[in-house]
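Shown below: entry.cif, with mmCIF, C-alpha atoms.
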```
data_coords
loop_
_atom_site.label_atom_id
_atom_site.label_comp_id
_atom_site.auth_asym_id
_atom_site.auth_seq_id
_atom_site.Cartn_x
_atom_site.Cartn_y
_atom_site.Cartn_z
CA MET A 1 123.18 104.30 10.87
CA ARG A 2 119.91 102.59 9.92
CA LEU A 3 117.04 103.93 11.98
CA ALA A 4 113.77 101.99 11.86
CA THR A 5 110.36 101.81 13.45
CA ILE A 6 109.52 98.24 14.45
CA LEU A 7 106.73 96.25 16.03
CA LEU A 8 108.17 94.13 18.83
CA ASP A 9 106.06 92.13 21.29
CA GLY A 10 103.02 94.19 20.41
CA ALA A 11 104.73 97.56 20.95
CA VAL A 12 105.86 100.12 18.37
CA THR A 13 109.35 101.46 19.01
CA ALA A 14 112.35 103.01 17.30
CA ALA A 15 115.41 100.85 16.76
CA LEU A 16 118.80 100.82 15.14
CA VAL A 17 119.22 97.95 12.66
CA ASP A 18 122.61 96.46 11.82
CA GLU A 19 123.81 94.79 8.61
CA SER A 20 122.44 91.45 9.81
CA GLU A 21 119.08 93.16 10.45
CA ARG A 22 119.36 92.65 14.18
CA ALA A 23 117.59 95.50 15.94
CA ARG A 24 118.62 97.38 19.08
CA VAL A 25 115.66 99.09 20.68
CA LEU A 26 115.77 102.81 21.42
CA PRO A 27 113.65 104.55 24.11
CA TYR A 28 111.48 106.39 21.56
CA GLY A 29 108.07 105.66 20.09
CA ASP A 30 109.16 105.83 16.45
CA ALA A 31 111.91 107.10 14.18
CA ALA A 32 110.54 110.66 14.09
CA GLN A 33 110.79 110.92 17.88
CA ALA A 34 114.27 109.42 17.77
CA ILE A 35 115.39 111.95 15.15
CA ALA A 36 114.02 114.80 17.25
CA ALA A 37 115.98 113.50 20.22
CA GLU A 38 119.18 113.31 18.17
CA ILE A 39 118.70 116.86 16.89
CA ALA A 40 118.19 118.13 20.44
CA THR A 41 121.06 116.09 21.90
CA PRO A 42 123.64 114.80 19.41
CA GLY A 43 124.60 111.26 20.33
CA ALA A 44 121.19 110.40 21.76
CA LEU A 45 120.84 107.53 19.29
CA ASP A 46 123.20 105.21 21.12
CA ALA A 47 121.92 101.69 21.50
CA ALA A 48 125.25 100.08 22.36
CA GLY A 49 123.90 98.76 25.66
CA ALA A 50 120.73 97.26 24.23
CA GLU A 51 120.43 93.55 23.55
CA PRO A 52 120.14 92.76 19.83
CA VAL A 53 116.79 91.44 18.65
CA GLU A 54 116.85 88.90 15.83
CA PRO A 55 114.83 89.84 12.71
CA GLU A 56 112.33 87.00 13.12
CA ARG A 57 111.17 88.55 16.41
CA TYR A 58 110.09 91.93 15.05
CA ARG A 59 108.30 93.44 12.07
CA LEU A 60 109.50 96.51 10.21
CA LEU A 61 106.96 99.31 9.96
CA ALA A 62 107.17 102.49 7.90
CA PRO A 63 110.03 104.40 9.56
CA ILE A 64 107.84 107.51 9.87
CA PRO A 65 104.38 105.91 10.18
CA ARG A 66 102.49 109.22 9.99
CA PRO A 67 104.66 112.03 8.58
CA GLY A 68 103.37 115.53 9.13
CA LYS A 69 103.94 116.40 5.47
CA ILE A 70 104.85 114.38 2.40
CA PHE A 71 105.98 116.48 -0.55
CA GLY A 72 106.00 114.49 -3.78
CA SER A 73 108.31 115.79 -6.49
CA GLY A 74 106.92 115.86 -10.01
CA ILE A 75 109.06 115.40 -13.11
CA ASN A 76 112.65 115.29 -11.82
CA TYR A 77 114.61 112.92 -14.09
CA VAL A 78 115.93 113.84 -17.52
CA GLY A 79 114.88 110.38 -18.78
CA HIS A 80 111.23 111.45 -18.76
CA LYS A 81 111.82 113.33 -22.01
CA LEU A 82 113.12 110.18 -23.69
CA GLU A 83 110.10 108.02 -22.80
CA ASN A 84 107.56 110.82 -23.20
CA PRO A 85 108.56 113.35 -25.88
CA ASN A 86 105.49 115.42 -25.00
CA ALA A 87 106.65 115.95 -21.42
CA VAL A 88 107.04 119.61 -20.42
CA MET A 89 110.28 119.75 -18.46
CA PRO A 90 110.03 121.96 -15.36
CA VAL A 91 111.98 125.15 -14.75
CA GLU A 92 111.48 124.90 -10.97
CA PRO A 93 110.59 122.04 -8.61
CA GLY A 94 106.95 121.06 -8.60
CA PHE A 95 105.26 119.31 -5.70
CA PHE A 96 102.09 117.39 -4.95
CA SER A 97 100.98 115.90 -1.63
CA LYS A 98 100.69 112.30 -0.57
CA PHE A 99 98.48 111.94 2.46
CA PRO A 100 99.89 110.59 5.75
CA SER A 101 97.05 108.03 5.80
CA SER A 102 98.44 106.46 2.60
CA VAL A 103 101.67 105.34 4.33
CA VAL A 104 102.35 101.63 4.89
CA GLY A 105 105.53 99.77 5.74
CA PRO A 106 107.64 96.96 4.28
CA ASP A 107 105.73 93.85 3.20
CA ALA A 108 102.38 95.55 3.81
CA GLU A 109 99.76 94.97 1.14
CA VAL A 110 99.00 97.69 -1.40
CA ILE A 111 95.26 97.47 -1.92
CA LEU A 112 93.75 98.19 -5.32
CA PRO A 113 90.16 99.41 -5.03
CA ALA A 114 87.86 97.16 -7.03
CA ALA A 115 86.95 99.90 -9.51
CA VAL A 116 90.57 100.88 -10.22
CA SER A 117 92.35 99.57 -13.31
CA GLU A 118 95.30 101.90 -14.05
CA VAL A 119 97.56 101.78 -10.99
CA ASP A 120 101.28 102.34 -11.44
CA TYR A 121 104.51 101.99 -9.43
CA GLU A 122 107.29 104.57 -8.92
CA VAL A 123 110.61 104.01 -7.15
CA GLU A 124 111.72 107.16 -5.32
CA ILE A 125 114.42 108.13 -2.87
CA ALA A 126 112.91 110.27 -0.12
CA ILE A 127 114.58 112.95 1.98
CA VAL A 128 113.83 112.77 5.71
CA ILE A 129 113.98 116.17 7.40
CA GLY A 130 115.89 116.39 10.66
CA ARG A 131 116.38 119.96 11.82
CA PRO A 132 113.29 122.05 11.10
CA GLY A 133 113.43 125.31 9.17
CA ARG A 134 111.66 127.73 6.87
CA ASP A 135 112.99 129.57 3.81
CA ILE A 136 116.13 127.44 3.94
CA PRO A 137 118.92 128.58 1.59
CA ALA A 138 120.10 125.87 -0.78
CA ALA A 139 123.61 126.28 0.62
CA ASP A 140 122.34 125.22 4.07
CA ALA A 141 119.93 122.51 2.95
CA TYR A 142 121.99 119.48 3.94
CA ASP A 143 122.10 120.77 7.54
CA HIS A 144 118.36 119.98 7.63
CA VAL A 145 118.62 116.45 6.20
CA PHE A 146 118.67 113.59 8.70
CA GLY A 147 118.79 110.90 6.07
CA TYR A 148 117.07 109.02 3.26
CA THR A 149 114.53 106.26 2.82
CA LEU A 150 112.55 104.73 -0.05
CA ILE A 151 108.99 105.47 -1.14
CA ASN A 152 106.98 103.66 -3.77
CA ASP A 153 104.80 106.43 -5.15
CA VAL A 154 101.90 104.18 -6.14
CA SER A 155 99.53 106.17 -8.35
CA ASP A 156 96.10 105.71 -9.89
CA ARG A 157 96.80 107.26 -13.30
CA GLU A 158 93.16 107.40 -14.37
CA VAL A 159 92.35 109.64 -11.40
CA GLN A 160 95.70 111.47 -11.35
CA PHE A 161 95.37 112.66 -14.95
CA ARG A 162 91.89 114.06 -14.48
CA PRO A 163 91.87 117.87 -14.18
CA ASN A 164 93.07 118.97 -10.73
CA GLN A 165 93.13 115.46 -9.22
CA MET A 166 96.87 114.85 -8.79
CA ASP A 167 96.78 114.59 -4.97
CA LEU A 168 93.73 112.34 -4.97
CA GLY A 169 95.22 109.97 -7.55
CA LYS A 170 98.33 109.54 -5.44
CA GLY A 171 96.74 109.56 -2.00
CA PHE A 172 94.66 106.36 -1.81
CA ASP A 173 95.04 104.28 1.34
CA THR A 174 98.19 102.08 1.12
CA PHE A 175 99.54 104.03 -1.89
CA CYS A 176 102.70 105.20 -0.08
CA PRO A 177 104.86 102.23 0.93
CA MET A 178 107.88 103.54 2.86
CA GLY A 179 111.02 101.90 4.21
CA PRO A 180 112.69 99.70 5.03
CA TRP A 181 114.47 102.18 7.33
CA ILE A 182 116.16 105.58 7.27
CA VAL A 183 119.85 105.70 6.42
CA ASP A 184 121.50 108.74 7.94
CA ARG A 185 122.96 111.35 5.59
CA ASP A 186 126.60 110.64 6.44
CA SER A 187 126.24 106.95 5.55
CA ILE A 188 125.47 107.78 1.90
CA GLY A 189 128.67 108.60 0.07
CA ASP A 190 127.21 110.70 -2.75
CA ILE A 191 123.45 111.02 -2.93
CA ASP A 192 123.82 112.40 -6.47
CA ALA A 193 125.22 109.09 -7.74
CA VAL A 194 122.91 106.41 -6.34
CA ARG A 195 121.51 103.62 -8.50
CA LEU A 196 117.82 102.87 -7.95
CA THR A 197 115.63 100.16 -9.44
CA SER A 198 112.12 98.77 -9.44
CA ARG A 199 111.04 95.22 -10.20
CA ILE A 200 107.57 93.77 -10.66
CA ASN A 201 107.43 90.00 -10.13
CA GLY A 202 111.22 89.99 -10.52
CA GLU A 203 111.16 91.80 -13.88
CA LEU A 204 113.35 94.92 -13.98
CA ARG A 205 111.19 97.93 -14.83
CA GLN A 206 113.22 100.97 -13.72
CA ASP A 207 117.00 101.28 -13.55
CA ALA A 208 118.59 104.70 -13.25
CA SER A 209 120.90 106.91 -11.23
CA THR A 210 120.24 110.03 -9.21
CA SER A 211 122.84 111.66 -11.42
CA GLU A 212 119.83 112.16 -13.74
CA TRP A 213 118.07 114.46 -11.28
CA ILE A 214 116.94 117.79 -12.69
CA PHE A 215 116.68 119.35 -9.22
CA ARG A 216 118.97 118.08 -6.49
CA VAL A 217 118.42 117.86 -2.75
CA PRO A 218 119.35 121.49 -1.92
CA GLU A 219 117.04 122.89 -4.59
CA LEU A 220 114.12 120.71 -3.49
CA ILE A 221 114.50 121.70 0.16
CA ALA A 222 114.94 125.40 -0.62
CA HIS A 223 111.84 125.42 -2.82
CA ALA A 224 109.65 123.37 -0.45
CA SER A 225 110.56 125.56 2.53
CA ARG A 226 110.06 128.87 0.78
CA HIS A 227 106.63 129.57 2.27
CA LEU A 228 106.19 127.01 5.04
CA THR A 229 108.17 125.31 7.77
CA LEU A 230 109.74 121.92 7.20
CA GLU A 231 109.44 119.97 10.45
CA THR A 232 111.33 117.01 11.86
CA GLY A 233 110.11 113.84 10.17
CA ASP A 234 108.66 115.55 7.11
CA ILE A 235 109.32 113.76 3.82
CA ILE A 236 110.33 115.11 0.42
CA THR A 237 110.45 112.62 -2.44
CA THR A 238 112.87 113.17 -5.30
CA GLY A 239 110.86 111.94 -8.27
CA THR A 240 110.97 108.70 -10.21
CA PRO A 241 113.05 107.76 -13.28
CA ALA A 242 111.80 106.47 -16.62
CA GLY A 243 110.21 103.04 -16.79
CA CYS A 244 106.82 103.39 -15.13
CA GLY A 245 103.98 101.31 -16.49
CA THR A 246 102.00 104.22 -17.90
CA PHE A 247 104.57 105.03 -20.61
CA ARG A 248 105.05 101.46 -21.83
CA ASN A 249 103.43 100.19 -25.00
CA PRO A 250 101.07 98.72 -24.05
CA PRO A 251 100.85 100.17 -20.52
CA LEU A 252 101.70 97.74 -17.72
CA TRP A 253 99.36 98.29 -14.77
CA LEU A 254 99.61 96.67 -11.35
CA ARG A 255 97.41 93.62 -10.88
CA GLU A 256 96.22 91.37 -8.07
CA GLY A 257 99.08 89.15 -6.89
CA ASP A 258 101.93 91.33 -8.21
CA ASP A 259 105.05 91.59 -6.10
CA MET A 260 106.68 95.03 -6.10
CA GLU A 261 110.31 95.54 -5.16
CA ILE A 262 112.10 98.89 -5.18
CA ALA A 263 115.71 99.38 -4.17
CA ALA A 264 118.49 101.94 -3.92
CA GLU A 265 122.19 101.47 -3.31
CA GLY A 266 123.18 102.27 0.25
CA ILE A 267 119.56 102.44 1.43
CA GLY A 268 117.97 99.03 0.97
CA VAL A 269 115.08 97.13 -0.56
CA LEU A 270 111.36 97.73 -0.04
CA ARG A 271 108.92 94.97 -1.03
CA ASN A 272 105.12 95.11 -1.10
CA PRO A 273 102.51 92.70 -2.51
CA VAL A 274 99.51 93.93 -4.46
CA ARG A 275 96.02 92.82 -3.51
CA LEU A 276 92.60 93.63 -4.91
CA ALA A 277 90.04 94.95 -2.46
CA PRO A 278 87.02 92.69 -2.09
CA ARG A 279 83.93 93.82 -3.95
CA ASP A 280 80.90 94.77 -1.90
#
```

This entry written out as structure tokens:
Amino acid sequence: MRLATILLDGAVTAALVDESERARVLPYGDAAQAIAAEIATPGALDAAGAEPVEPERYRLLAPIPRPGKIFGSGINYVGHKLENPNAVMPVEPGFFSKFPSSVVGPDAEVILPAAVSEVDYEVEIAIVIGRPGRDIPAADAYDHVFGYTLINDVSDREVQFRPNQMDLGKGFDTFCPMGPWIVDRDSIGDIDAVRLTSRINGELRQDASTSEWIFRVPELIAHASRHLTLETGDIITTGTPAGCGTFRNPPLWLREGDDMEIAAEGIGVLRNPVRLAPRD
């Protein structure tokens, strides 16, 4: 199942998207509402009777346009130690927040503020919470996963690496491209063996497998839910592999006109152009 939020004839609606990217509209405002309906009534996401809509008639939006919470995972790939020998590898999951207002969808522009010069890309697989819960045992974590999507954790490194400015450096408007849709948990054979990549202007920058995760899905969910409730539609990212621009020599920062493409097997491809904000 590929659950999306689309703009069709001026209206935002949830839809199921097939392999040909034809969409069948569901009677819900967005994917989060559709997931809630499916949790309440299994089988609610049945669009068999709906007429298919060809892809040229609609526009994909972020599947969860305004998540309640976005937990960003910090260092979570073993490859970080290879590209950055000074990296302190974590002994438990670490999280930062990306703000809901930073979310944009497929093909939406990522806007670089005029004064920013050290903006980076990060391909990440993101967990989409289905059934809510608090203090969830790792053994029960997958019962709370609806599915997975992609997030490009765009980051202003100059701000991020200032003391106590992690959230701000990752929370600029447009700095959280999400999509292209949510693939339900059962459609992914083994989430611990998924290849993911990033390309800038067609050049391969990141290429890794989730087999390199330090903390896997159950550990991330258990840790994130320890002191607060995970709600339907909340997002937990799973970290990014080696290959970001900041650790290259010389660093490779995003620039006006760049084309970003991130992808993961079994989930899809998310593309976003980079634009520079006009100067005042």

Open item on the list: When you look at Leu204 (chain A) with a cut-off of 12 Å (counting only C-alpha atoms), what residues show up, excluding the ones that are within fewer than 2 positions of it in the same chain? I need them as a ChimeraX atom specification.
Closed with: /A:123,196-202,206-208,242-245,259-263

TODO: May I have the residues at most 9 Å from (99.2, 104.9, -5.2) in the file's coordinates, counting all atoms listed in the file, as a list in words?
DONE: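 Neighbouring residues, ordered by chain and number, come to Lys98, Ser102, Val110, Leu112, Val119, Asp120, Tyr121, Glu122, Asn152, Asp153, Val154, Ser155, Asp156, Arg157, Gly169, Lys170, Gly171, Phe172, Asp173, Thr174, Phe175, Cys176 and Pro177 of chain A.
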
Open item on the list: Here's the selection I'm unsure about, the PyMOL selection byres ((chain A and resi 74) around 8); applied to the file above, which residues does it give, as an MDAnalysis selection string?
Closed with: chainID A and resid 72:73 75:76 93:96 239

Open item on the list: I'd like the residues picked by the PyMOL selection byres ((chain A and resi 225) around 12) written out as a ChimeraX atom specification, using the chain letters and numbers from the file.
Closed with: /A:69,71,93,95,129,132-138,140-141,144,218-224,226-231,234-236

Task: Output check: residues returned by the PyMOL selection byres ((chain A and resi 21) around 12), as a PyMOL selection string - done: chain A and resi 1-4+6+15-20+22-24+52-60+180-181+268

Grab the residues selected above and save them as a PDB file, keeping the file's coordinate frame with C-alpha atoms.
```
ATOM      1  CA  MET A   1     123.180 104.300  10.870  1.00  0.00           C
ATOM      2  CA  ARG A   2     119.910 102.590   9.920  1.00  0.00           C
ATOM      3  CA  LEU A   3     117.040 103.930  11.980  1.00  0.00           C
ATOM      4  CA  ALA A   4     113.770 101.990  11.860  1.00  0.00           C
ATOM      5  CA  ILE A   6     109.520  98.240  14.450  1.00  0.00           C
ATOM      6  CA  ALA A  15     115.410 100.850  16.760  1.00  0.00           C
ATOM      7  CA  LEU A  16     118.800 100.820  15.140  1.00  0.00           C
ATOM      8  CA  VAL A  17     119.220  97.950  12.660  1.00  0.00           C
ATOM      9  CA  ASP A  18     122.610  96.460  11.820  1.00  0.00           C
ATOM     10  CA  GLU A  19     123.810  94.790   8.610  1.00  0.00           C
ATOM     11  CA  SER A  20     122.440  91.450   9.810  1.00  0.00           C
ATOM     12  CA  ARG A  22     119.360  92.650  14.180  1.00  0.00           C
ATOM     13  CA  ALA A  23     117.590  95.500  15.940  1.00  0.00           C
ATOM     14  CA  ARG A  24     118.620  97.380  19.080  1.00  0.00           C
ATOM     15  CA  PRO A  52     120.140  92.760  19.830  1.00  0.00           C
ATOM     16  CA  VAL A  53     116.790  91.440  18.650  1.00  0.00           C
ATOM     17  CA  GLU A  54     116.850  88.900  15.830  1.00  0.00           C
ATOM     18  CA  PRO A  55     114.830  89.840  12.710  1.00  0.00           C
ATOM     19  CA  GLU A  56     112.330  87.000  13.120  1.00  0.00           C
ATOM     20  CA  ARG A  57     111.170  88.550  16.410  1.00  0.00           C
ATOM     21  CA  TYR A  58     110.090  91.930  15.050  1.00  0.00           C
ATOM     22  CA  ARG A  59     108.300  93.440  12.070  1.00  0.00           C
ATOM     23  CA  LEU A  60     109.500  96.510  10.210  1.00  0.00           C
ATOM     24  CA  PRO A 180     112.690  99.700   5.030  1.00  0.00           C
ATOM     25  CA  TRP A 181     114.470 102.180   7.330  1.00  0.00           C
ATOM     26  CA  GLY A 268     117.970  99.030   0.970  1.00  0.00           C
TER      27      GLY A 268
END
```

Open item on the list: Can you measure CA of Glu203 (chain A) to CA of Ala126 (chain A) for me? One decimal in Å is fine.
Closed with: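 According to the coordinates, CA of Glu203 (chain A) and CA of Ala126 (chain A) are separated by 23.1 Å.
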
- [ ] Would you kindly return, as a PyMOL selection string, each protein, DNA or RNA residue with an atom no farther than 10 Å from any atom of Pro65 (chain A), considering all atoms listed in the file and excluding same-chain residues fewer than 4 positions away?
- [x] chain A and resi 5+30-32+61+100-105+177-179+233

Task: CA of Ala277 (chain A) to CA of Ile111 (chain A), straight-line distance in Å - done: 5.8 Å

TODO: Mind giving me the straight-line distance from CA of Val78 (chain A) to CA of Asp186 (chain A) in Å, one decimal?
DONE: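 Those two atoms sit 26.4 Å apart.
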
Task: Selected residue of minimal separation from Ile35 (chain A) among A:Ile267, A:Leu150, A:Leu168, A:Val183, counting only C-alpha atoms - done: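 The answer is A:Val183, which sits nearest to Ile35 (chain A).
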
TODO: Can you work out which one of A:Phe99, A:Tyr77, A:Tyr148, A:Tyr28 has the shortest atom-to-atom distance to Val128 (chain A), counting all atoms listed in the file?
DONE: A:Tyr148

From the structure just shown, export region 173-210 of chain A with C-alpha atoms as a PDB file, in the first residue's frame.
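Output contents, as saved in part_17.pdb:
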```pdb
ATOM      1  CA  ASP A 173      11.261  26.682   6.631  1.00  0.00           C
ATOM      2  CA  THR A 174      11.387  24.088   3.790  1.00  0.00           C
ATOM      3  CA  PHE A 175      14.213  22.131   5.492  1.00  0.00           C
ATOM      4  CA  CYS A 176      12.149  18.926   5.856  1.00  0.00           C
ATOM      5  CA  PRO A 177      11.153  17.556   2.446  1.00  0.00           C
ATOM      6  CA  MET A 178       8.984  14.470   2.977  1.00  0.00           C
ATOM      7  CA  GLY A 179       7.517  11.874   0.627  1.00  0.00           C
ATOM      8  CA  PRO A 180       6.701  10.804  -1.918  1.00  0.00           C
ATOM      9  CA  TRP A 181       4.178   8.683   0.012  1.00  0.00           C
ATOM     10  CA  ILE A 182       3.968   6.278   2.948  1.00  0.00           C
ATOM     11  CA  VAL A 183       4.579   2.604   2.263  1.00  0.00           C
ATOM     12  CA  ASP A 184       2.813   0.436   4.801  1.00  0.00           C
ATOM     13  CA  ARG A 185       4.933  -1.729   7.094  1.00  0.00           C
ATOM     14  CA  ASP A 186       3.895  -5.050   5.553  1.00  0.00           C
ATOM     15  CA  SER A 187       4.986  -3.948   2.073  1.00  0.00           C
ATOM     16  CA  ILE A 188       8.630  -3.650   3.179  1.00  0.00           C
ATOM     17  CA  GLY A 189      10.208  -7.070   3.321  1.00  0.00           C
ATOM     18  CA  ASP A 190      13.012  -6.325   5.788  1.00  0.00           C
ATOM     19  CA  ILE A 191      13.416  -2.750   6.953  1.00  0.00           C
ATOM     20  CA  ASP A 192      16.846  -3.670   8.333  1.00  0.00           C
ATOM     21  CA  ALA A 193      18.188  -4.388   4.836  1.00  0.00           C
ATOM     22  CA  VAL A 194      17.068  -1.447   2.695  1.00  0.00           C
ATOM     23  CA  ARG A 195      19.445   0.382   0.369  1.00  0.00           C
ATOM     24  CA  LEU A 196      19.164   4.177   0.450  1.00  0.00           C
ATOM     25  CA  THR A 197      20.921   6.797  -1.646  1.00  0.00           C
ATOM     26  CA  SER A 198      21.213  10.524  -2.208  1.00  0.00           C
ATOM     27  CA  ARG A 199      22.212  12.301  -5.394  1.00  0.00           C
ATOM     28  CA  ILE A 200      22.953  15.969  -6.013  1.00  0.00           C
ATOM     29  CA  ASN A 201      22.623  16.977  -9.676  1.00  0.00           C
ATOM     30  CA  GLY A 202      22.772  13.272 -10.519  1.00  0.00           C
ATOM     31  CA  GLU A 203      26.038  12.680  -8.631  1.00  0.00           C
ATOM     32  CA  LEU A 204      25.845   9.856  -6.086  1.00  0.00           C
ATOM     33  CA  ARG A 205      26.683  11.227  -2.633  1.00  0.00           C
ATOM     34  CA  GLN A 206      25.301   8.652  -0.169  1.00  0.00           C
ATOM     35  CA  ASP A 207      24.878   4.923  -0.722  1.00  0.00           C
ATOM     36  CA  ALA A 208      24.308   2.634   2.241  1.00  0.00           C
ATOM     37  CA  SER A 209      22.044   0.049   3.805  1.00  0.00           C
ATOM     38  CA  THR A 210      19.916   0.145   6.919  1.00  0.00           C
TER      39      THR A 210
END
```
